[in-house]
Structures are given as C-alpha cells and as structure tokens.
>>> print(open('structure-v4.pdb').read())   # PDB, C-alpha atoms
ATOM      1  CA  MET A 728      81.001 119.829  95.719
ATOM      2  CA  THR A 729      84.728 119.287  96.109
ATOM      3  CA  ALA A 730      86.902 119.280  99.209
ATOM      4  CA  ARG A 731      90.422 120.711  99.496
ATOM      5  CA  HIS A 732      93.141 119.582 101.904
ATOM      6  CA  ARG A 733      96.650 121.069 102.039
ATOM      7  CA  TYR A 734      99.584 119.023 103.320
ATOM      8  CA  ASP A 735     103.316 119.602 103.698
ATOM      9  CA  TYR A 736     105.759 116.913 102.607
ATOM     10  CA  GLY A 737     108.858 118.715 103.944
ATOM     11  CA  GLN A 738     110.013 121.686 106.017
ATOM     12  CA  ASP A 739     110.548 124.189 103.187
ATOM     13  CA  PRO A 740     107.697 126.630 102.436
ATOM     14  CA  SER A 741     107.536 125.268  98.887
ATOM     15  CA  GLN A 742     107.234 121.612  99.924
ATOM     16  CA  TRP A 743     103.474 121.170  99.935
ATOM     17  CA  GLY A 744     100.571 119.931  97.887
ATOM     18  CA  GLU A 745      96.826 120.443  97.895
ATOM     19  CA  LEU A 746      94.469 117.523  97.476
ATOM     20  CA  PHE A 747      91.232 118.247  95.598
ATOM     21  CA  LEU A 748      88.584 115.579  96.142
ATOM     22  CA  PRO A 749      85.164 115.032  94.587
ATOM     23  CA  ASP A 750      82.264 113.830  96.699
ATOM     24  CA  LEU A 751      82.433 110.101  97.354
ATOM     25  CA  PRO A 752      79.689 107.669  98.418
ATOM     26  CA  ALA A 753      80.173 106.172 101.879
ATOM     27  CA  GLY A 754      82.560 103.218 101.785
ATOM     28  CA  ALA A 755      83.792 103.952  98.249
ATOM     29  CA  LYS A 756      87.294 104.793  97.063
ATOM     30  CA  HIS A 757      88.556 107.407  94.635
ATOM     31  CA  GLN A 758      89.606 105.644  91.452
ATOM     32  CA  GLY A 759      93.191 106.778  91.275
ATOM     33  CA  VAL A 760      94.816 110.197  91.672
ATOM     34  CA  VAL A 761      96.048 112.829  89.217
ATOM     35  CA  VAL A 762      99.303 114.563  90.190
ATOM     36  CA  VAL A 763      99.206 118.079  88.727
ATOM     37  CA  ILE A 764     102.695 119.568  88.218
ATOM     38  CA  HIS A 765     102.892 123.194  87.126
ATOM     39  CA  GLY A 766     105.412 124.704  84.759
ATOM     40  CA  GLY A 767     107.312 127.984  84.516
ATOM     41  CA  TYR A 768     110.696 126.764  83.211
ATOM     42  CA  TRP A 769     111.550 125.532  86.730
ATOM     43  CA  ARG A 770     111.849 129.126  88.017
ATOM     44  CA  SER A 771     110.435 130.446  91.279
ATOM     45  CA  THR A 772     108.557 133.211  89.427
ATOM     46  CA  TYR A 773     105.767 130.693  88.838
ATOM     47  CA  GLY A 774     104.037 128.485  91.365
ATOM     48  CA  ALA A 775     101.240 126.046  92.115
ATOM     49  CA  GLU A 776      98.612 128.684  91.386
ATOM     50  CA  LEU A 777      99.043 127.624  87.744
ATOM     51  CA  GLY A 778      97.892 124.102  88.558
ATOM     52  CA  GLU A 779      95.065 125.031  90.920
ATOM     53  CA  PRO A 780      92.361 125.558  88.265
ATOM     54  CA  LEU A 781      93.247 122.213  86.680
ATOM     55  CA  ALA A 782      93.073 120.339  89.978
ATOM     56  CA  GLN A 783      89.754 121.999  90.790
ATOM     57  CA  ASP A 784      88.351 121.111  87.371
ATOM     58  CA  LEU A 785      89.491 117.498  87.618
ATOM     59  CA  ALA A 786      87.827 117.146  91.014
ATOM     60  CA  GLU A 787      84.629 118.685  89.647
ATOM     61  CA  HIS A 788      84.714 115.946  87.012
ATOM     62  CA  GLY A 789      85.077 113.143  89.525
ATOM     63  CA  MET A 790      88.874 112.761  89.723
ATOM     64  CA  ALA A 791      91.028 113.147  92.830
ATOM     65  CA  ALA A 792      93.842 115.611  92.082
ATOM     66  CA  TRP A 793      97.038 116.470  93.976
ATOM     67  CA  ASN A 794      98.308 119.945  93.011
ATOM     68  CA  LEU A 795     102.006 119.757  93.774
ATOM     69  CA  GLU A 796     104.304 122.621  94.709
ATOM     70  CA  TYR A 797     108.088 122.197  94.765
ATOM     71  CA  ARG A 798     111.282 124.193  95.200
ATOM     72  CA  ARG A 799     112.317 125.908  91.997
ATOM     73  CA  ALA A 800     115.480 127.627  90.779
ATOM     74  CA  GLY A 801     115.594 130.879  92.706
ATOM     75  CA  ASN A 802     113.990 129.668  95.952
ATOM     76  CA  GLY A 803     116.175 126.741  96.984
ATOM     77  CA  GLY A 804     115.411 124.484  94.041
ATOM     78  CA  GLY A 805     117.427 123.420  91.034
ATOM     79  CA  TRP A 806     119.658 120.355  91.100
ATOM     80  CA  PRO A 807     118.924 118.093  92.892
ATOM     81  CA  ALA A 808     116.275 119.718  95.134
ATOM     82  CA  THR A 809     113.578 120.241  92.485
ATOM     83  CA  PHE A 810     113.795 116.599  91.455
ATOM     84  CA  GLU A 811     113.794 115.277  95.011
ATOM     85  CA  ASP A 812     110.769 117.414  95.829
ATOM     86  CA  VAL A 813     108.748 116.047  92.928
ATOM     87  CA  LEU A 814     109.449 112.457  93.992
ATOM     88  CA  ALA A 815     108.797 113.216  97.676
ATOM     89  CA  GLY A 816     105.613 115.070  96.797
ATOM     90  CA  ILE A 817     104.317 112.113  94.807
ATOM     91  CA  ASP A 818     105.309 109.741  97.615
ATOM     92  CA  LYS A 819     103.289 111.826 100.095
ATOM     93  CA  LEU A 820     100.185 110.274  98.539
ATOM     94  CA  ALA A 821     101.043 107.012 100.307
ATOM     95  CA  ASP A 822     100.593 108.798 103.654
ATOM     96  CA  LEU A 823      97.250 110.238 102.578
ATOM     97  CA  ALA A 824      95.743 107.212 100.854
ATOM     98  CA  GLU A 825      93.967 105.609 103.808
ATOM     99  CA  GLN A 826      92.661 108.849 105.291
ATOM    100  CA  HIS A 827      91.194 110.028 101.984
ATOM    101  CA  ALA A 828      90.219 106.662 100.433
ATOM    102  CA  LEU A 829      92.708 106.983  97.579
ATOM    103  CA  ASP A 830      93.339 104.025  95.297
ATOM    104  CA  LEU A 831      97.020 104.298  94.376
ATOM    105  CA  GLY A 832      96.753 101.540  91.806
ATOM    106  CA  LYS A 833      96.401 104.354  89.253
ATOM    107  CA  VAL A 834      98.463 107.511  89.718
ATOM    108  CA  VAL A 835      98.600 109.715  86.635
ATOM    109  CA  GLY A 836     100.910 112.678  86.106
ATOM    110  CA  LEU A 837      99.535 115.799  84.402
ATOM    111  CA  GLY A 838     102.336 118.275  83.823
ATOM    112  CA  HIS A 839     102.520 121.507  81.830
ATOM    113  CA  SER A 840     105.729 122.764  80.213
ATOM    114  CA  ALA A 841     108.531 122.270  82.769
ATOM    115  CA  GLY A 842     105.951 120.329  84.792
ATOM    116  CA  GLY A 843     105.546 117.985  81.832
ATOM    117  CA  HIS A 844     109.287 117.368  81.961
ATOM    118  CA  LEU A 845     109.122 116.649  85.689
ATOM    119  CA  ALA A 846     106.118 114.328  85.359
ATOM    120  CA  VAL A 847     107.678 112.240  82.588
ATOM    121  CA  TRP A 848     111.016 112.277  84.415
ATOM    122  CA  ALA A 849     109.349 111.036  87.610
ATOM    123  CA  ALA A 850     107.755 108.186  85.642
ATOM    124  CA  GLY A 851     111.290 106.890  85.022
ATOM    125  CA  ARG A 852     112.399 107.057  88.668
ATOM    126  CA  HIS A 853     113.046 103.310  88.786
ATOM    127  CA  LYS A 854     115.844 103.795  86.235
ATOM    128  CA  LEU A 855     117.730 106.514  88.077
ATOM    129  CA  GLU A 856     120.275 104.168  89.646
ATOM    130  CA  GLY A 857     121.636 103.454  86.190
ATOM    131  CA  LEU A 858     122.111 107.171  85.494
ATOM    132  CA  LEU A 859     124.264 108.266  88.432
ATOM    133  CA  PRO A 860     126.190 111.443  87.601
ATOM    134  CA  ALA A 861     129.954 111.127  87.881
ATOM    135  CA  GLU A 862     130.189 114.708  89.157
ATOM    136  CA  GLY A 863     128.038 114.064  92.239
ATOM    137  CA  GLY A 864     124.753 115.580  93.301
ATOM    138  CA  GLN A 865     122.747 112.378  93.136
ATOM    139  CA  VAL A 866     118.963 112.581  93.454
ATOM    140  CA  ASN A 867     117.754 110.933  96.655
ATOM    141  CA  ASN A 868     115.213 108.396  95.398
ATOM    142  CA  SER A 869     113.214 105.630  97.012
ATOM    143  CA  ASN A 870     112.757 102.553  94.831
ATOM    144  CA  ASP A 871     109.616 101.629  96.744
ATOM    145  CA  GLY A 872     108.030 105.048  96.227
ATOM    146  CA  VAL A 873     104.696 105.723  94.531
ATOM    147  CA  ARG A 874     104.946 104.929  90.840
ATOM    148  CA  LEU A 875     103.173 106.870  88.136
ATOM    149  CA  THR A 876     101.070 104.603  85.930
ATOM    150  CA  GLY A 877     100.678 107.076  83.079
ATOM    151  CA  VAL A 878     101.482 110.676  82.116
ATOM    152  CA  VAL A 879      99.810 113.408  80.101
ATOM    153  CA  SER A 880     102.515 115.915  79.171
ATOM    154  CA  GLN A 881     101.153 119.327  78.170
ATOM    155  CA  SER A 882     103.775 120.829  75.834
ATOM    156  CA  GLY A 883     106.426 119.338  78.086
ATOM    157  CA  VAL A 884     110.149 120.049  77.813
ATOM    158  CA  LEU A 885     110.876 116.370  77.200
ATOM    159  CA  ASN A 886     114.289 116.634  75.517
ATOM    160  CA  LEU A 887     116.684 118.521  77.790
ATOM    161  CA  GLY A 888     119.642 118.138  75.468
ATOM    162  CA  GLU A 889     117.834 119.893  72.660
ATOM    163  CA  ALA A 890     116.314 122.438  75.037
ATOM    164  CA  GLU A 891     119.829 123.360  76.153
ATOM    165  CA  ARG A 892     121.080 123.609  72.566
ATOM    166  CA  LEU A 893     118.177 125.926  71.738
ATOM    167  CA  SER A 894     118.794 127.901  74.968
ATOM    168  CA  LEU A 895     115.065 127.869  75.661
ATOM    169  CA  SER A 896     113.873 130.649  77.959
ATOM    170  CA  ASP A 897     117.316 132.240  78.222
ATOM    171  CA  GLY A 898     119.199 129.152  79.327
ATOM    172  CA  ALA A 899     116.569 127.665  81.632
ATOM    173  CA  VAL A 900     118.090 124.161  81.501
ATOM    174  CA  ALA A 901     121.563 125.305  82.617
ATOM    175  CA  ASN A 902     119.885 127.462  85.263
ATOM    176  CA  LEU A 903     117.986 124.432  86.587
ATOM    177  CA  LEU A 904     121.084 122.225  86.659
ATOM    178  CA  ALA A 905     123.530 124.899  87.901
ATOM    179  CA  GLY A 906     125.708 124.690  84.829
ATOM    180  CA  PRO A 907     125.934 123.517  81.216
ATOM    181  CA  SER A 908     126.119 119.910  80.058
ATOM    182  CA  SER A 909     129.775 120.467  79.111
ATOM    183  CA  GLU A 910     130.483 120.916  82.825
ATOM    184  CA  PHE A 911     127.914 118.530  84.305
ATOM    185  CA  PRO A 912     127.144 115.861  81.687
ATOM    186  CA  GLY A 913     126.024 113.307  84.275
ATOM    187  CA  ARG A 914     123.380 115.407  85.941
ATOM    188  CA  HIS A 915     122.090 116.618  82.570
ATOM    189  CA  ARG A 916     121.665 112.996  81.506
ATOM    190  CA  MET A 917     120.041 111.994  84.786
ATOM    191  CA  ALA A 918     117.591 114.908  84.527
ATOM    192  CA  ASP A 919     116.610 114.161  80.925
ATOM    193  CA  PRO A 920     113.472 112.053  80.342
ATOM    194  CA  MET A 921     115.074 110.856  77.092
ATOM    195  CA  ALA A 922     117.673 108.932  79.098
ATOM    196  CA  ALA A 923     115.038 106.807  80.869
ATOM    197  CA  LEU A 924     113.499 105.479  77.653
ATOM    198  CA  PRO A 925     111.930 103.084  77.094
ATOM    199  CA  LEU A 926     109.238 103.444  79.751
ATOM    200  CA  ASP A 927     106.693 100.707  80.450
ATOM    201  CA  ILE A 928     103.759 103.077  80.992
ATOM    202  CA  PRO A 929     101.677 105.157  78.554
ATOM    203  CA  VAL A 930     102.760 108.740  77.909
ATOM    204  CA  TYR A 931     100.657 111.177  75.894
ATOM    205  CA  ALA A 932     102.748 114.082  74.615
ATOM    206  CA  VAL A 933     100.088 116.731  73.991
ATOM    207  CA  HIS A 934     101.271 119.854  72.168
ATOM    208  CA  GLY A 935      99.567 123.037  70.995
ATOM    209  CA  ILE A 936      99.855 123.677  67.267
ATOM    210  CA  LYS A 937     100.519 127.394  67.920
ATOM    211  CA  ASP A 938     102.906 126.920  70.846
ATOM    212  CA  GLY A 939     105.543 129.642  70.660
ATOM    213  CA  ASP A 940     107.091 128.941  74.076
ATOM    214  CA  VAL A 941     108.044 125.259  73.895
ATOM    215  CA  PRO A 942     108.902 124.009  70.395
ATOM    216  CA  LEU A 943     107.000 121.028  69.027
ATOM    217  CA  SER A 944     110.340 119.210  68.738
ATOM    218  CA  MET A 945     110.324 118.820  72.535
ATOM    219  CA  SER A 946     107.433 116.392  72.130
ATOM    220  CA  THR A 947     108.163 114.866  68.716
ATOM    221  CA  SER A 948     111.777 113.956  69.470
ATOM    222  CA  TYR A 949     110.700 112.216  72.680
ATOM    223  CA  VAL A 950     107.870 110.350  70.981
ATOM    224  CA  ASP A 951     110.157 109.293  68.118
ATOM    225  CA  ALA A 952     112.792 108.000  70.537
ATOM    226  CA  SER A 953     110.152 106.019  72.443
ATOM    227  CA  GLN A 954     108.950 103.991  69.484
ATOM    228  CA  ALA A 955     111.310 101.066  70.072
ATOM    229  CA  GLY A 956     109.817 100.427  73.510
ATOM    230  CA  ALA A 957     106.957  98.133  74.459
ATOM    231  CA  VAL A 958     104.695 101.118  75.251
ATOM    232  CA  PRO A 959     105.552 103.904  72.791
ATOM    233  CA  ALA A 960     104.577 107.448  73.705
ATOM    234  CA  GLN A 961     101.862 109.049  71.597
ATOM    235  CA  LEU A 962     101.847 112.555  70.128
ATOM    236  CA  VAL A 963      98.542 114.441  70.378
ATOM    237  CA  MET A 964      98.276 117.782  68.590
ATOM    238  CA  VAL A 965      95.694 120.254  69.885
ATOM    239  CA  PRO A 966      94.589 123.730  68.821
ATOM    240  CA  GLY A 967      95.888 126.809  70.593
ATOM    241  CA  ASP A 968      99.043 128.227  72.107
ATOM    242  CA  HIS A 969     101.171 127.174  75.077
ATOM    243  CA  PHE A 970      98.672 128.348  77.665
ATOM    244  CA  ALA A 971      95.562 126.898  76.034
ATOM    245  CA  LEU A 972      96.639 123.612  77.612
ATOM    246  CA  ILE A 973      95.989 125.012  81.105
ATOM    247  CA  ASP A 974      92.887 127.024  80.216
ATOM    248  CA  VAL A 975      90.115 124.829  81.597
ATOM    249  CA  THR A 976      87.664 126.262  79.034
ATOM    250  CA  ALA A 977      89.883 125.528  76.006
ATOM    251  CA  GLU A 978      89.632 122.522  73.702
ATOM    252  CA  ALA A 979      93.340 121.831  74.255
ATOM    253  CA  TYR A 980      92.792 121.327  77.982
ATOM    254  CA  LEU A 981      89.589 119.339  77.498
ATOM    255  CA  THR A 982      91.591 116.868  75.409
ATOM    256  CA  CYS A 983      94.096 116.568  78.258
ATOM    257  CA  ARG A 984      91.309 115.930  80.752
ATOM    258  CA  GLU A 985      89.865 113.225  78.541
ATOM    259  CA  LEU A 986      93.277 111.545  78.266
ATOM    260  CA  VAL A 987      93.771 111.685  82.028
ATOM    261  CA  GLY A 988      90.379 110.054  82.503
ATOM    262  CA  ARG A 989      91.352 107.352  80.033
ATOM    263  CA  LEU A 990      94.527 106.606  81.985
ATOM    264  CA  LEU A 991      92.573 106.337  85.244
ATOM    265  CA  ARG A 992      90.128 103.774  83.883
TER     266      ARG A 992
END
>>> encode(input="structure-v4.pdb", output="structure tokens")
Amino acid sequence: MTARHRYDYGQDPSQWGELFLPDLPAGAKHQGVVVVIHGGYWRSTYGAELGEPLAQDLAEHGMAAWNLEYRRAGNGGGWPATFEDVLAGIDKLADLAEQHALDLGKVVGLGHSAGGHLAVWAAGRHKLEGLLPAEGGQVNNSNDGVRLTGVVSQSGVLNLGEAERLSLSDGAVANLLAGPSSEFPGRHRMADPMAALPLDIPVYAVHGIKDGDVPLSMSTSYVDASQAGAVPAQLVMVPGDHFALIDVTAEAYLTCRELVGRLLR
C-alpha cells in the first residue's frame, strides 16, 4: 500500500506537488526522497500527470517520491518563474519532513527530458550567484535550501546552448527564456546546466538509443564536459525511444529506478 498527499508550495494553480509514500514501520524514517520532475519541453501542454506513474512505482518499490508540478511557458512560467518553482518545490520537502518522517540526507532528482534539464540545473543551485545575468531577471534562490544529492536524468536537455542551435522542438529554449541567447546571453548561461559544471554530486545521464525527440548529444556533451570534475557524470545507454524512459514496464525505466535506488543507499 502507498499513501498520497498533495501540497501547495505557492499560490499559483501549478505550484504543487504530490508526495507518494510507501508503508513505514512505526518509528522508522523513509530513506531519502525522489523528486520526480516531468518534461514536455517546458510547455504548459504537458503536466505532472507524466510523472505520476513514476512516483507511484517508486513508492510501490519502497521509495518516497515527490511528483512536482511547476509553472511552464504558456501558463505563467518561463524565465525566471519555472526555475524558481522547481527550487521552491524542492524546498517544500523541508516543511514536510517531520510530518512524514522524511530523511532529507538523500534527495535524488529524477527528471525526464526538460525535467532532466531542470533536475540537473537545480543540483547546481549553489553556483547560481556566480552566474547572474547582466540583463536582469535573476532567479530567486535560497542558499540554505534543500540540496539534491544525486540526479538521474532521463534523456535530459542538458546542453541548452546546443539545444538552441538545433532549435529543438521549434525553438523551445528561446520560448522558455523569452528570447534568444543573442538577446539574453546571461539568462541563457544561468539556465544552462553546463555552466554549473563541475558538480560535486553524482549525475547519471540515461539516454534511449532510439530517442528521436532529444538528441543523444544532449547527454554526451554534458557528460564529456563533466569529466574534469571530482564527480564526473556517467552516460547510461538504454533500449527504446524517448518515452520508454517513463514507461514503468520498460527496461529503460527499470534501469532508471535501479539507479535512483543506488543513489538513495
């Protein structure tokens, strides 16, 4: 049996998350939390329903999971709201930890596609002060917020510069950031996980070998750039297309679940 609890972390209808919890013996604590961040190229067409099956499956396999919704481009999101929501949504776990016996010593991000970008980006939140955009629109960030201790990126858009050059999903990057990098170079840099390298936590860049939606270069270029750091990211190739990674019956997803479990141990 699993329990579900929905909480708001702000006033907007998209500022909420749902906590999925496995049964717990009396007096015990959940060993960490998985933050599930859905994709959809940051557009409001897609929502947290994409992450719900993953959060449910994780809870059924003994892991507490926080399925996070956030404002997206088209419903009040974009720069900087989408980014602030992801950080605020992760920080909401601090308010819930005592009530739900959550151990926040291990908080792992599991993000698919654009959600992979946001999860890896959030893991570098402590470096944001060094990436302030000259053109304004700074992300409101708390340095004492909840830190991710590891990330499993599921075909994540981890290289925004290249994603913009390739005009992925009809200019999704410029749509997210309300303009091209030629106009807003600072915010593009601040939003790019590449700019926060090296990270001091493990990142698994999982990518489907038949992914036709997010090119493999989104993962390989990030992993290559991370190699000089103390904790290099690791590339994990899995069978299937882009959506096999969020199909809880597919081998691609099962690999992701195993990696998440490894990061929680």
>>> residues_near_point(input="structure-v4.pdb", point="(107.9, 129.0, 85.6)", cutoff="10 Å", atoms="all atoms listed in the file", output="PyMOL selection string")
chain A and resi 765-775+777+799-800+839-842+896+899
>>> residues_around(input="structure-v4.pdb", residues="Gly744 in chain A", least_positions_apart="2", cutoff="12 Å", atoms="only C-alpha atoms", output="number ranges by chain")
A: 731-737, 740-742, 746-747, 762-765, 774-776, 778-779, 782, 792-798, 812-813, 815-820, 823
>>> residues_around(input="structure-v4.pdb", residues="Gly877 in chain A", least_positions_apart="3", cutoff="6 Å", atoms="only C-alpha atoms", output="PyMOL selection string")
chain A and resi 835+928-930
>>> resolve_selection(input="structure-v4.pdb", expression="the PyMOL selection byres ((chain A and resi 965-980) around 9)", output="list of chain:residue names")
A:Leu777, A:Gly778, A:Pro780, A:Leu781, A:Asp784, A:His839, A:Ser840, A:Gln881, A:Ser882, A:Val933, A:His934, A:Gly935, A:Ile936, A:Lys937, A:Asp938, A:Gly939, A:Asp940, A:Val941, A:Val963, A:Met964, A:Leu981, A:Thr982, A:Cys983, A:Arg984, A:Glu985
>>> closest_residue(input="structure-v4.pdb", among="A:Ala849, A:Val884, A:Met790, A:Leu829", to="Gly754 in chain A", atoms="all atoms listed in the file")
A:Leu829
>>> closest_residue(input="structure-v4.pdb", among="A:Ala918, A:Val950, A:Ala923, A:Ala791", to="Gln865 in chain A", atoms="all atoms listed in the file")
A:Ala918
>>> residues_around(input="structure-v4.pdb", residues="Lys854 in chain A", least_positions_apart="3", cutoff="12 Å", atoms="all atoms listed in the file", output="ChimeraX atom specification")
/A:848-851,857-859,866,868-870,874,916-927
>>> atom_distance(input="structure-v4.pdb", atom1="CA of Val834 in chain A", atom2="CA of Pro807 in chain A")
23.3 Å
>>> atom_distance(input="structure-v4.pdb", atom1="CA of Pro749 in chain A", atom2="CA of Val761 in chain A")
12.3 Å
>>> resolve_selection(input="structure-v4.pdb", expression="the PyMOL selection byres ((chain A and resi 961) around 6)", output="list in words")
Tyr931, Ala932, Ala960 and Leu962 of chain A
>>> write_last_selection(input="structure-v4.pdb", atoms="C-alpha atoms", output="short mmCIF file (atom, residue, chain, number, x, y, z; two decimals), in the frame of the given file")
data_model
loop_
_atom_site.label_atom_id
_atom_site.label_comp_id
_atom_site.auth_asym_id
_atom_site.auth_seq_id
_atom_site.Cartn_x
_atom_site.Cartn_y
_atom_site.Cartn_z
CA TYR A 931 100.66 111.18 75.89
CA ALA A 932 102.75 114.08 74.61
CA ALA A 960 104.58 107.45 73.70
CA LEU A 962 101.85 112.56 70.13
#
>>> atom_distance(input="structure-v4.pdb", atom1="CA of Gln783 in chain A", atom2="CA of Gln758 in chain A")
16.4 Å
>>> resolve_selection(input="structure-v4.pdb", expression="the PyMOL selection byres ((chain A and resi 889) around 12)", output="ChimeraX atom specification")
/A:884-888,890-895,898-901,908,915-916,919-921,941-949
>>> closest_residue(input="structure-v4.pdb", among="A:Leu814, A:Val847, A:Leu785, A:Ala753", to="Asn867 in chain A", atoms="only C-alpha atoms")
A:Leu814
>>> closest_residue(input="structure-v4.pdb", among="A:Leu831, A:Met728, A:Leu986, A:Val958", to="Val879 in chain A", atoms="all atoms listed in the file")
A:Leu986
